[in-house]
Amino acid sequence: MTIDELKEKAAEIRETVLDIVYRAKAGHIGGDLSAADIMTALFFSVLRADPKHPEDPERDRFVLSKGHAAEVYYACLAKRGYFPESELAEYGRPGSRLIGHPTNKVPGIEINTGALGHGLSIATGMALGMRMQGRRGRVFVLCGDGEQAEGSNWEALMAASSYGLDNLTAILDRNHLQISGNTEDVMKLEPLADKYRAFGWNTVEIDGNDMEAVVRALTMEHEGSPLMIIAHTVKGKGISEMENIASWHHGVPDEDLYLRARAELASQRRKDG
Ligand SMILES: [Mg+2]
């Protein structure tokens, strides 16, 4: 897909996320929207994976460490063809496999996530295992900034650089907010780029809501060491009444806001497309 096509797809994904959350009356919409451009770039451009053969041993792997952003994950998987888009209407209903945090019962999902702070460690193990098996697939993991307070991340950072895992790329959704407020008030993270570099990671900082920058970073060469992309994003991106407001970490719009948000996203689609 071209950059313009990816932008159009990201706008479509945002509309789908809004519909999922509004219909189910549940969902982590703020972090879905901050990550929508990154997720779209991964699933519609970067990941070498075939929805018709989701178990192909040579596929690229993806881990959603910030597992609560399940709605944007399901939207991408369905629109990419891993399961029928009509199933998105089942999200959150009793008996549905599309539950509030991702599980590997859903085609295309490698690993259950949602307990925070584990994704980077899992992805590090995957990347090491794939290298030992001589697989050419790469591993991508999307982390939240709030979960960087978990010590397991820093063990994984140390291990991945120690093993020189250049088949591993981590993306940090740096929206500066977590459920309880600003990350720097909850647990001071900065200077993050200096910390990742000190741990031996090839580290870049980008605007994580700029599709061109996202694709460029996700495809850059990083021979000999893992790559950390600090993607500066806006929580709630695309729906102005939700942007940069911590309480939209989890929230459901009422009908009036839903209609305003739908119109705003539709106008972005026309503008971007
Ligand atoms: Mg965050």
# chains A, B, ... in the order shown; residues from 1 in each chain; ligands from 1

$ residues_near_ligand --ligand "ligand 1" --cutoff "9 Å" --atoms "only C-alpha atoms and all ligand atoms" --output "VMD selection string"
chain A and resid 30 to 31 34 66 143 to 147 172 to 179 182 to 183 233 to 235 246 249

$ select_by_dssp --residues "stretch 122-196 of chain A" --states "strand (DSSP E or B)" --output "MDAnalysis selection string"
chainID A and resid 139:144 168:174 177:178 181:182

$ write_last_selection --atoms "N, CA and C atoms" --output "mmCIF file, in the first residue's frame"
data_model
loop_
_atom_site.group_PDB
_atom_site.id
_atom_site.type_symbol
_atom_site.label_atom_id
_atom_site.label_comp_id
_atom_site.auth_asym_id
_atom_site.auth_seq_id
_atom_site.Cartn_x
_atom_site.Cartn_y
_atom_site.Cartn_z
ATOM 1 N N VAL A 139 10.371 -10.158 14.612
ATOM 2 C CA VAL A 139 9.398 -10.019 15.700
ATOM 3 C C VAL A 139 9.191 -8.529 15.979
ATOM 4 N N PHE A 140 7.930 -8.132 16.040
ATOM 5 C CA PHE A 140 7.559 -6.753 16.364
ATOM 6 C C PHE A 140 6.698 -6.779 17.627
ATOM 7 N N VAL A 141 6.953 -5.847 18.525
ATOM 8 C CA VAL A 141 6.150 -5.780 19.753
ATOM 9 C C VAL A 141 5.764 -4.326 20.009
ATOM 10 N N LEU A 142 4.488 -4.113 20.275
ATOM 11 C CA LEU A 142 3.996 -2.768 20.595
ATOM 12 C C LEU A 142 3.762 -2.665 22.101
ATOM 13 N N CYS A 143 4.506 -1.746 22.718
ATOM 14 C CA CYS A 143 4.447 -1.574 24.169
ATOM 15 C C CYS A 143 3.745 -0.263 24.522
ATOM 16 N N GLY A 144 3.117 -0.231 25.693
ATOM 17 C CA GLY A 144 2.584 1.010 26.222
ATOM 18 C C GLY A 144 3.646 1.729 27.031
ATOM 19 N N LEU A 168 14.452 -8.169 16.115
ATOM 20 C CA LEU A 168 13.445 -7.675 17.066
ATOM 21 C C LEU A 168 13.287 -6.157 16.949
ATOM 22 N N THR A 169 12.051 -5.727 16.811
ATOM 23 C CA THR A 169 11.723 -4.295 16.818
ATOM 24 C C THR A 169 10.639 -4.049 17.860
ATOM 25 N N ALA A 170 10.899 -3.129 18.776
ATOM 26 C CA ALA A 170 9.888 -2.722 19.753
ATOM 27 C C ALA A 170 9.415 -1.317 19.396
ATOM 28 N N ILE A 171 8.121 -1.109 19.505
ATOM 29 C CA ILE A 171 7.556 0.216 19.282
ATOM 30 C C ILE A 171 6.919 0.653 20.603
ATOM 31 N N LEU A 172 7.309 1.825 21.076
ATOM 32 C CA LEU A 172 6.721 2.352 22.299
ATOM 33 C C LEU A 172 5.645 3.371 21.933
ATOM 34 N N ASP A 173 4.420 3.091 22.306
ATOM 35 C CA ASP A 173 3.317 4.028 22.069
ATOM 36 C C ASP A 173 3.403 5.105 23.147
ATOM 37 N N ARG A 174 4.187 6.146 22.836
ATOM 38 C CA ARG A 174 4.516 7.169 23.846
ATOM 39 C C ARG A 174 3.444 8.259 23.845
ATOM 40 N N LEU A 177 0.268 9.102 28.668
ATOM 41 C CA LEU A 177 -0.809 8.891 29.634
ATOM 42 C C LEU A 177 -0.975 7.408 29.934
ATOM 43 N N GLN A 178 -1.367 7.113 31.136
ATOM 44 C CA GLN A 178 -1.786 5.768 31.502
ATOM 45 C C GLN A 178 -3.075 5.909 32.286
ATOM 46 N N GLY A 181 -3.215 8.671 34.928
ATOM 47 C CA GLY A 181 -2.737 10.026 34.689
ATOM 48 C C GLY A 181 -1.487 10.078 33.844
ATOM 49 N N ASN A 182 -0.730 11.183 33.970
ATOM 50 C CA ASN A 182 0.496 11.377 33.199
ATOM 51 C C ASN A 182 1.582 10.406 33.682
#

$ residues_around --residues "A:Tyr22" --least-positions-apart "2" --cutoff "9 Å" --atoms "only C-alpha atoms" --output "PyMOL selection string"
chain A and resi 17-20+24-27+252-255+258

$ write_last_selection --atoms "N, CA and C atoms" --output "compact mmCIF listing (two decimals), in the first residue's frame"
# COMPACT_ATOMS: atom_id res chain seq x y z
N VAL A 17 -12.93 0.98 15.20
CA VAL A 17 -12.70 0.94 16.65
C VAL A 17 -13.83 1.65 17.40
N LEU A 18 -14.18 2.82 16.93
CA LEU A 18 -15.27 3.58 17.56
C LEU A 18 -16.56 2.77 17.55
N ASP A 19 -16.85 2.14 16.42
CA ASP A 19 -18.08 1.34 16.32
C ASP A 19 -18.05 0.15 17.29
N ILE A 20 -16.89 -0.52 17.36
CA ILE A 20 -16.76 -1.68 18.26
C ILE A 20 -17.05 -1.26 19.70
N ALA A 24 -20.35 -2.34 21.91
CA ALA A 24 -20.14 -3.23 23.06
C ALA A 24 -20.30 -2.51 24.40
N LYS A 25 -20.29 -1.18 24.34
CA LYS A 25 -20.32 -0.36 25.56
C LYS A 25 -19.13 -0.67 26.47
N ALA A 26 -17.98 -0.93 25.83
CA ALA A 26 -16.74 -1.19 26.57
C ALA A 26 -15.57 -1.06 25.61
N GLY A 27 -14.41 -0.72 26.17
CA GLY A 27 -13.21 -0.73 25.35
C GLY A 27 -12.23 0.36 25.72
N VAL A 252 -16.71 4.89 27.05
CA VAL A 252 -17.70 4.66 26.00
C VAL A 252 -18.43 5.98 25.74
N PRO A 253 -18.41 6.46 24.50
CA PRO A 253 -19.12 7.70 24.21
C PRO A 253 -20.64 7.50 24.28
N ASP A 254 -21.35 8.57 24.70
CA ASP A 254 -22.82 8.52 24.59
C ASP A 254 -23.21 8.75 23.13
N GLU A 255 -24.48 8.68 22.84
CA GLU A 255 -24.89 8.72 21.43
C GLU A 255 -24.48 10.02 20.74
N TYR A 258 -20.79 9.94 20.11
CA TYR A 258 -20.54 8.94 19.07
C TYR A 258 -20.79 9.53 17.68

$ residues_around --residues "A:Ala69" --least-positions-apart "6" --cutoff "9 Å" --atoms "only C-alpha atoms" --output "list in words"
Gly27, His28, Ile29, Gly30, Gly31, Asp32, Leu33, Ala35, Gly100, His101, Pro102 and Gly114 of chain A

$ write_last_selection --atoms "N, CA and C atoms" --output "compact mmCIF listing (two decimals), in the first residue's frame"
# COMPACT_ATOMS: atom_id res chain seq x y z
N GLY A 27 -14.41 -0.72 26.17
CA GLY A 27 -13.21 -0.73 25.35
C GLY A 27 -12.23 0.36 25.72
N HIS A 28 -10.95 0.08 25.41
CA HIS A 28 -9.86 1.00 25.74
C HIS A 28 -9.59 1.90 24.54
N ILE A 29 -10.51 2.81 24.31
CA ILE A 29 -10.51 3.55 23.04
C ILE A 29 -9.34 4.52 22.92
N GLY A 30 -8.91 5.13 24.04
CA GLY A 30 -7.81 6.11 23.97
C GLY A 30 -6.53 5.52 23.42
N GLY A 31 -6.15 4.36 23.94
CA GLY A 31 -4.93 3.69 23.50
C GLY A 31 -5.09 2.97 22.17
N ASP A 32 -6.32 2.63 21.80
CA ASP A 32 -6.58 2.11 20.45
C ASP A 32 -6.25 3.18 19.42
N LEU A 33 -6.74 4.39 19.71
CA LEU A 33 -6.61 5.47 18.73
C LEU A 33 -5.18 5.99 18.64
N ALA A 35 -2.57 4.23 18.89
CA ALA A 35 -1.77 3.21 18.20
C ALA A 35 -2.29 2.87 16.80
N GLY A 100 -12.05 -8.75 25.85
CA GLY A 100 -11.44 -7.44 26.12
C GLY A 100 -9.93 -7.40 26.07
N HIS A 101 -9.29 -8.55 26.16
CA HIS A 101 -7.84 -8.63 25.98
C HIS A 101 -7.57 -9.80 25.04
N PRO A 102 -6.56 -9.66 24.18
CA PRO A 102 -6.39 -10.65 23.11
C PRO A 102 -5.96 -12.04 23.60
N GLY A 114 -2.18 -8.69 28.05
CA GLY A 114 -3.09 -7.84 28.80
C GLY A 114 -2.58 -7.64 30.22

$ closest_atom_pairs --of "stretch 19-135 of chain A" --to "stretch 207-225 of chain A" --cutoff "9 Å" --atoms "only C-alpha atoms" --output "CSV"
residue,atom,partner,partner_atom,distance
A:Ser34,CA,A:Asn209,CA,7.3
A:Ala35,CA,A:Gly208,CA,7.7
A:Ala36,CA,A:Asn209,CA,8.0
A:Asp37,CA,A:Asn209,CA,5.7
A:Ile38,CA,A:Val214,CA,6.4
A:Thr40,CA,A:Met211,CA,8.9
A:Ala41,CA,A:Val215,CA,6.1
A:Leu42,CA,A:Leu218,CA,7.9
A:Ser45,CA,A:Val215,CA,7.9
A:Val46,CA,A:Leu218,CA,7.1

$ atom_distance --atom1 "atom CA of A:Ile111" --atom2 "atom CA of A:Val63"
6.9 Å

$ residues_around --residues "stretch 197-203 of chain A" --least-positions-apart "4" --cutoff "6 Å" --atoms "only C-alpha atoms" --output "list in words"
Met158, Ser161, Pro226, Leu227, Met228 and Ile229 of chain A

$ select_by_dssp --residues "stretch 133-268 of chain A" --states "helix (DSSP H, G or I)" --output "ChimeraX atom specification"
/A:146-149,151-162,183-186,192-198,211-218,246-249,255-268

$ residues_around --residues "A:Tyr73" --least-positions-apart "4" --cutoff "8 Å" --atoms "only C-alpha atoms" --output "PDB file with C-alpha atoms, in the first residue's frame"
ATOM      1  CA  MET A  39      -1.032  -0.944  13.876  1.00  0.00           C
ATOM      2  CA  LEU A  64       0.576  -6.533  21.476  1.00  0.00           C
ATOM      3  CA  ALA A  69      -5.812  -2.083  23.006  1.00  0.00           C
ATOM      4  CA  LEU A  77      -6.920  -8.545  11.911  1.00  0.00           C
TER       5      LEU A  77
END

$ atom_distance --atom1 "atom CA of A:Ala160" --atom2 "atom CA of A:Leu47"
20.2 Å

$ closest_residue --among "A:Leu257, A:Val106, A:Ala89, A:Leu165" --to "A:Ala127" --atoms "only C-alpha atoms"
A:Leu165

$ atom_distance --atom1 "atom CA of A:Gly251" --atom2 "atom CA of A:Gly67"
16.0 Å

$ residues_around --residues "A:Arg80" --least-positions-apart "4" --cutoff "10 Å" --atoms "only C-alpha atoms" --output "list in words"
Thr40, Phe43, Phe44, Asp50, Pro51, Tyr74, Ala75, Cys76, Pro84, Glu85 and Gly108 of chain A

$ decode --residues "stretch 126-148 of chain A" --atoms "N, CA and C atoms" --output "PDB file, in the first residue's frame"
ATOM      1  N   MET A 126      10.872 -14.951  21.704  1.00  0.00           N
ATOM      2  CA  MET A 126      10.494 -15.371  20.337  1.00  0.00           C
ATOM      3  C   MET A 126      11.634 -15.095  19.354  1.00  0.00           C
ATOM      4  N   ALA A 127      12.196 -13.893  19.448  1.00  0.00           N
ATOM      5  CA  ALA A 127      13.253 -13.500  18.504  1.00  0.00           C
ATOM      6  C   ALA A 127      14.486 -14.378  18.679  1.00  0.00           C
ATOM      7  N   LEU A 128      14.824 -14.672  19.923  1.00  0.00           N
ATOM      8  CA  LEU A 128      15.980 -15.537  20.178  1.00  0.00           C
ATOM      9  C   LEU A 128      15.708 -16.950  19.648  1.00  0.00           C
ATOM     10  N   GLY A 129      14.506 -17.457  19.924  1.00  0.00           N
ATOM     11  CA  GLY A 129      14.143 -18.794  19.455  1.00  0.00           C
ATOM     12  C   GLY A 129      14.154 -18.893  17.945  1.00  0.00           C
ATOM     13  N   MET A 130      13.638 -17.873  17.286  1.00  0.00           N
ATOM     14  CA  MET A 130      13.600 -17.903  15.821  1.00  0.00           C
ATOM     15  C   MET A 130      15.006 -17.859  15.245  1.00  0.00           C
ATOM     16  N   ARG A 131      15.872 -17.088  15.878  1.00  0.00           N
ATOM     17  CA  ARG A 131      17.247 -17.057  15.380  1.00  0.00           C
ATOM     18  C   ARG A 131      17.920 -18.418  15.561  1.00  0.00           C
ATOM     19  N   MET A 132      17.669 -19.046  16.719  1.00  0.00           N
ATOM     20  CA  MET A 132      18.275 -20.364  16.969  1.00  0.00           C
ATOM     21  C   MET A 132      17.771 -21.404  15.973  1.00  0.00           C
ATOM     22  N   GLN A 133      16.506 -21.229  15.529  1.00  0.00           N
ATOM     23  CA  GLN A 133      15.929 -22.169  14.556  1.00  0.00           C
ATOM     24  C   GLN A 133      16.268 -21.801  13.112  1.00  0.00           C
ATOM     25  N   GLY A 134      16.976 -20.702  12.947  1.00  0.00           N
ATOM     26  CA  GLY A 134      17.341 -20.281  11.598  1.00  0.00           C
ATOM     27  C   GLY A 134      16.186 -19.707  10.803  1.00  0.00           C
ATOM     28  N   ARG A 135      15.134 -19.230  11.506  1.00  0.00           N
ATOM     29  CA  ARG A 135      13.986 -18.637  10.819  1.00  0.00           C
ATOM     30  C   ARG A 135      14.330 -17.223  10.367  1.00  0.00           C
ATOM     31  N   ARG A 136      13.761 -16.822   9.213  1.00  0.00           N
ATOM     32  CA  ARG A 136      14.051 -15.474   8.735  1.00  0.00           C
ATOM     33  C   ARG A 136      13.018 -14.452   9.197  1.00  0.00           C
ATOM     34  N   GLY A 137      11.944 -14.910   9.847  1.00  0.00           N
ATOM     35  CA  GLY A 137      10.909 -13.983  10.306  1.00  0.00           C
ATOM     36  C   GLY A 137      11.434 -13.017  11.361  1.00  0.00           C
ATOM     37  N   ARG A 138      10.765 -11.870  11.432  1.00  0.00           N
ATOM     38  CA  ARG A 138      11.126 -10.846  12.420  1.00  0.00           C
ATOM     39  C   ARG A 138      10.030 -10.769  13.484  1.00  0.00           C
ATOM     40  N   VAL A 139      10.371 -10.158  14.612  1.00  0.00           N
ATOM     41  CA  VAL A 139       9.398 -10.019  15.700  1.00  0.00           C
ATOM     42  C   VAL A 139       9.191  -8.529  15.979  1.00  0.00           C
ATOM     43  N   PHE A 140       7.930  -8.132  16.040  1.00  0.00           N
ATOM     44  CA  PHE A 140       7.559  -6.753  16.364  1.00  0.00           C
ATOM     45  C   PHE A 140       6.698  -6.779  17.627  1.00  0.00           C
ATOM     46  N   VAL A 141       6.953  -5.847  18.525  1.00  0.00           N
ATOM     47  CA  VAL A 141       6.150  -5.780  19.753  1.00  0.00           C
ATOM     48  C   VAL A 141       5.764  -4.326  20.009  1.00  0.00           C
ATOM     49  N   LEU A 142       4.488  -4.113  20.275  1.00  0.00           N
ATOM     50  CA  LEU A 142       3.996  -2.768  20.595  1.00  0.00           C
ATOM     51  C   LEU A 142       3.762  -2.665  22.101  1.00  0.00           C
ATOM     52  N   CYS A 143       4.506  -1.746  22.718  1.00  0.00           N
ATOM     53  CA  CYS A 143       4.447  -1.574  24.169  1.00  0.00           C
ATOM     54  C   CYS A 143       3.745  -0.263  24.522  1.00  0.00           C
ATOM     55  N   GLY A 144       3.117  -0.231  25.693  1.00  0.00           N
ATOM     56  CA  GLY A 144       2.584   1.010  26.222  1.00  0.00           C
ATOM     57  C   GLY A 144       3.646   1.729  27.031  1.00  0.00           C
ATOM     58  N   ASP A 145       3.462   3.035  27.203  1.00  0.00           N
ATOM     59  CA  ASP A 145       4.444   3.743  28.028  1.00  0.00           C
ATOM     60  C   ASP A 145       4.186   3.510  29.517  1.00  0.00           C
ATOM     61  N   GLY A 146       2.929   3.412  29.918  1.00  0.00           N
ATOM     62  CA  GLY A 146       2.635   3.149  31.323  1.00  0.00           C
ATOM     63  C   GLY A 146       3.279   1.871  31.824  1.00  0.00           C
ATOM     64  N   GLU A 147       3.310   0.844  30.965  1.00  0.00           N
ATOM     65  CA  GLU A 147       3.857  -0.447  31.403  1.00  0.00           C
ATOM     66  C   GLU A 147       5.381  -0.465  31.490  1.00  0.00           C
ATOM     67  N   GLN A 148       6.033   0.637  31.076  1.00  0.00           N
ATOM     68  CA  GLN A 148       7.501   0.687  31.211  1.00  0.00           C
ATOM     69  C   GLN A 148       7.932   0.744  32.678  1.00  0.00           C
TER      70      GLN A 148
END
